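Next comes model_35.cif, with mmCIF, C-alpha atoms.
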```cif
data_final
#
loop_
_atom_site.label_atom_id
_atom_site.label_comp_id
_atom_site.auth_asym_id
_atom_site.auth_seq_id
_atom_site.Cartn_x
_atom_site.Cartn_y
_atom_site.Cartn_z
CA MET A 289 -19.03 101.59 -249.52
CA ALA A 290 -19.36 103.90 -252.52
CA THR A 291 -20.63 102.43 -255.78
CA PHE A 292 -21.27 103.38 -259.39
CA LYS A 293 -22.65 101.62 -262.46
CA ASP A 294 -21.13 101.44 -265.92
CA THR A 295 -23.16 101.62 -269.15
CA ALA A 296 -23.49 97.81 -269.19
CA GLY A 297 -25.35 98.01 -265.86
CA ARG A 298 -22.54 96.45 -263.82
CA GLU A 299 -22.15 97.86 -260.33
CA TRP A 300 -18.67 98.61 -259.02
CA SER A 301 -17.71 99.22 -255.39
CA VAL A 302 -14.99 101.75 -254.68
CA GLN A 303 -13.12 101.24 -251.45
CA PHE A 304 -9.75 102.44 -250.24
CA THR A 305 -7.32 100.38 -248.23
CA ALA A 306 -3.76 101.11 -247.20
CA ARG A 307 -2.62 98.74 -249.97
CA THR A 308 -4.72 100.60 -252.56
CA LEU A 309 -3.15 103.91 -251.56
CA THR A 310 0.32 102.37 -251.88
CA ARG A 311 -0.44 100.97 -255.35
CA LEU A 312 -1.91 104.29 -256.49
CA ARG A 313 1.15 106.17 -255.24
CA GLU A 314 3.30 103.77 -257.28
CA LEU A 315 1.10 104.29 -260.36
CA LEU A 316 0.76 108.06 -260.12
CA GLY A 317 4.06 109.05 -258.54
CA TYR A 318 2.36 110.96 -255.69
CA SER A 319 0.06 110.23 -252.78
CA ILE A 320 -3.65 110.82 -252.99
CA SER A 321 -4.87 112.21 -249.71
CA ILE A 322 -7.48 114.33 -248.01
CA ILE A 323 -6.01 117.11 -245.90
CA ALA A 324 -8.04 118.79 -243.16
CA THR A 325 -6.18 121.83 -241.87
CA ALA A 326 -6.72 123.71 -238.62
CA GLU A 327 -8.66 126.26 -240.67
CA GLY A 328 -11.04 123.54 -241.83
CA VAL A 329 -9.81 123.60 -245.42
CA THR A 330 -9.97 120.21 -247.12
CA GLU A 331 -7.91 119.44 -250.20
CA TRP A 332 -7.80 116.50 -252.55
CA ARG A 333 -4.24 116.05 -253.70
CA GLY A 334 -4.15 114.35 -257.04
CA PRO A 335 -5.86 116.73 -259.47
CA GLU A 336 -4.43 114.89 -262.47
CA VAL A 337 -6.75 111.99 -261.65
CA ALA A 338 -9.84 114.21 -261.69
CA ARG A 339 -8.91 116.06 -264.86
CA ASN A 340 -7.91 113.14 -267.05
CA PRO A 341 -10.51 110.40 -267.71
CA GLU A 342 -7.88 108.07 -269.20
CA ARG A 343 -5.70 108.38 -266.10
CA PHE A 344 -8.77 107.95 -263.91
CA ALA A 345 -9.51 104.68 -265.76
CA ASP A 346 -5.98 103.55 -264.80
CA VAL A 347 -6.70 104.40 -261.17
CA LEU A 348 -10.01 102.53 -261.25
CA ALA A 349 -8.37 99.51 -262.88
CA VAL A 350 -6.03 99.31 -259.87
CA MET A 351 -8.86 99.79 -257.39
CA LEU A 352 -11.28 97.40 -259.11
CA GLU A 353 -8.77 94.72 -260.14
CA LYS A 354 -10.34 91.95 -258.05
CA GLN A 355 -13.86 92.93 -259.11
CA LEU A 356 -12.84 92.91 -262.78
CA THR A 357 -11.47 89.39 -262.33
CA ASP A 358 -14.48 88.18 -260.33
CA LYS A 359 -16.90 89.53 -262.97
CA ALA A 360 -14.73 88.23 -265.84
CA VAL A 361 -14.62 91.74 -267.32
CA THR A 362 -11.53 92.76 -269.26
CA ARG A 363 -10.00 96.19 -268.94
CA GLU A 364 -11.13 96.90 -272.52
CA GLN A 365 -14.73 95.88 -271.73
CA PHE A 366 -14.69 98.10 -268.67
CA GLU A 367 -13.37 101.05 -270.67
CA GLU A 368 -16.01 100.51 -273.40
CA ALA A 369 -18.71 100.82 -270.73
CA PHE A 370 -17.19 104.00 -269.29
CA ASN A 371 -18.85 107.13 -270.69
CA ALA A 372 -19.17 110.70 -269.36
CA GLU A 373 -22.02 109.84 -266.99
CA THR A 374 -20.12 106.82 -265.68
CA TYR A 375 -17.06 109.02 -265.24
CA ARG A 376 -19.00 111.54 -263.13
CA ASP A 377 -20.58 108.78 -261.01
CA ALA A 378 -17.26 106.98 -260.58
CA ALA A 379 -15.50 110.22 -259.62
CA GLY A 380 -18.19 110.87 -257.00
CA ALA A 381 -17.80 107.34 -255.63
CA PHE A 382 -14.01 107.74 -255.64
CA ILE A 383 -14.14 110.99 -253.66
CA ALA A 384 -16.76 109.62 -251.25
CA ALA A 385 -14.65 106.51 -250.62
CA LEU A 386 -11.53 108.61 -250.11
CA LEU A 387 -13.34 110.89 -247.66
CA ASP A 388 -14.72 107.88 -245.82
CA PHE A 389 -11.25 106.33 -245.58
CA SER A 390 -9.44 109.56 -244.70
CA LEU A 391 -11.69 111.22 -242.17
CA VAL A 392 -13.24 109.83 -239.02
CA PRO A 393 -16.99 110.53 -238.56
CA ALA A 394 -16.31 113.28 -236.01
CA ALA A 395 -14.11 115.09 -238.53
CA LEU A 396 -16.79 114.73 -241.21
CA THR A 397 -19.39 116.15 -238.83
CA GLU A 398 -17.15 119.13 -238.12
CA LEU A 399 -16.24 119.56 -241.78
CA PHE A 400 -19.88 119.72 -242.90
CA ALA A 401 -21.29 121.51 -239.82
CA GLY A 402 -23.82 124.09 -240.81
CA ALA A 403 -24.20 122.87 -244.37
CA GLY A 404 -27.95 123.09 -243.82
CA GLY A 405 -27.65 126.58 -242.38
CA GLU A 406 -28.50 125.47 -238.84
CA THR A 407 -25.17 126.14 -237.16
CA PRO A 408 -24.41 129.75 -236.34
CA GLY A 409 -21.25 131.05 -237.93
CA ARG A 410 -19.45 134.23 -238.86
CA THR A 411 -20.88 136.85 -241.18
CA SER A 412 -20.19 136.18 -244.83
CA PRO A 413 -17.68 138.54 -246.47
CA SER A 414 -20.33 139.19 -249.13
CA ASN A 415 -22.72 140.41 -246.41
CA ASN A 416 -25.29 137.90 -247.61
CA GLY A 417 -25.68 136.32 -244.22
CA VAL A 418 -23.91 133.88 -241.98
CA THR A 419 -21.51 131.24 -243.23
CA ASN A 420 -19.42 128.55 -241.60
CA ALA A 421 -16.86 128.46 -244.39
CA PRO A 422 -13.33 129.51 -243.47
CA GLU A 423 -11.74 132.50 -245.10
CA ALA A 424 -10.21 131.56 -248.43
CA PRO A 425 -6.58 130.53 -248.05
CA GLU A 426 -3.81 131.75 -250.30
CA SER A 427 -4.33 130.61 -253.87
CA ASN A 428 -2.79 127.23 -254.61
CA PRO A 429 -3.56 126.11 -258.17
CA ASP A 430 -2.50 122.46 -257.65
CA PRO A 431 -5.03 120.96 -255.20
CA ILE A 432 -8.70 120.71 -256.01
CA ARG A 433 -10.72 122.03 -253.11
CA LEU A 434 -13.80 120.08 -252.07
CA ALA A 435 -16.89 122.00 -251.06
CA SER A 436 -17.43 122.09 -247.33
#
```
So, in terms of structure tokens, how does the structure I just supplied come out?
Amino acid sequence: MATFKDTAGREWSVQFTARTLTRLRELLGYSISIIATAEGVTEWRGPEVARNPERFADVLAVMLEKQLTDKAVTREQFEEAFNAETYRDAAGAFIAALLDFSLVPAALTELFAGAGGETPGRTSPSNNGVTNAPEAPESNPDPIRLAS
């Protein structure tokens, strides 16, 4: 389970469930998902969440609702303890939890194969050596692409 701490030192666990995804779709008006294509390209659909800290706080409030209640922390107290560093850590936990929920371990292994340079791959288009990254797909400005 992915976690982050706020500026008050409280630890928060980020975990996706089918119910969470449904509630977030209702809140945002679109589904948040990880897409692994045949070419190995992975996309995070929901760039508005990543680009807007206020909107991201809304998303976290939905995801952490039970934890907020259990810790007797109000939404306002949570937001007061949410600075830039917390935002970065929470975004990392959010993406890690979404990846964990969306992809089975075998898919993760395939997705990150060769990240350490150990798996042979094709020659890089820049001629700087071998890479396992797929050729860049057509430009699509909406999704945020995760590094593979």
Please provide the set of residues having any atom within 12 Å of range 308-311 of chain A, restricted to only C-alpha atoms, with same-chain residues fewer than 4 positions apart removed, written as a count of residues only.
25
Using all atoms listed in the file, which residue out of A:Arg313, A:Phe344, A:Ala372, A:Trp300 lies closest to Leu356 in chain A?
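Between A:Arg313, A:Phe344, A:Ala372, A:Trp300, the residue approaching Leu356 in chain A most closely is A:Trp300.
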Can you measure CA of Thr374 in chain A to CA of Leu312 in chain A for me? One decimal in Å is fine.
20.6 Å
Given the file shown, determine the residues that the PyMOL selection byres ((chain A and resi 381) around 10) selects; report them as a VMD selection string.
chain A and resid 289 to 292 300 to 303 375 to 380 382 to 387
Quick check on the file I pasted: which residues fall under the PyMOL selection byres ((chain A and resi 294) around 6)? Write them as a list in words.
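For this structure, the PyMOL selection byres ((chain A and resi 294) around 6) captures Lys293, Thr295, Ala296, Gly297, Arg298, Ala369, Phe370 and Thr374 of chain A.
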Separation of CA of Glu314 in chain A and CA of Ala345 in chain A, in Å?
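Taking CA of Glu314 in chain A and CA of Ala345 in chain A, their separation equals 15.4 Å.
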Separation of CA of Glu327 in chain A from CA of Asn340 in chain A, in Å and rounded to one decimal
29.5 Å
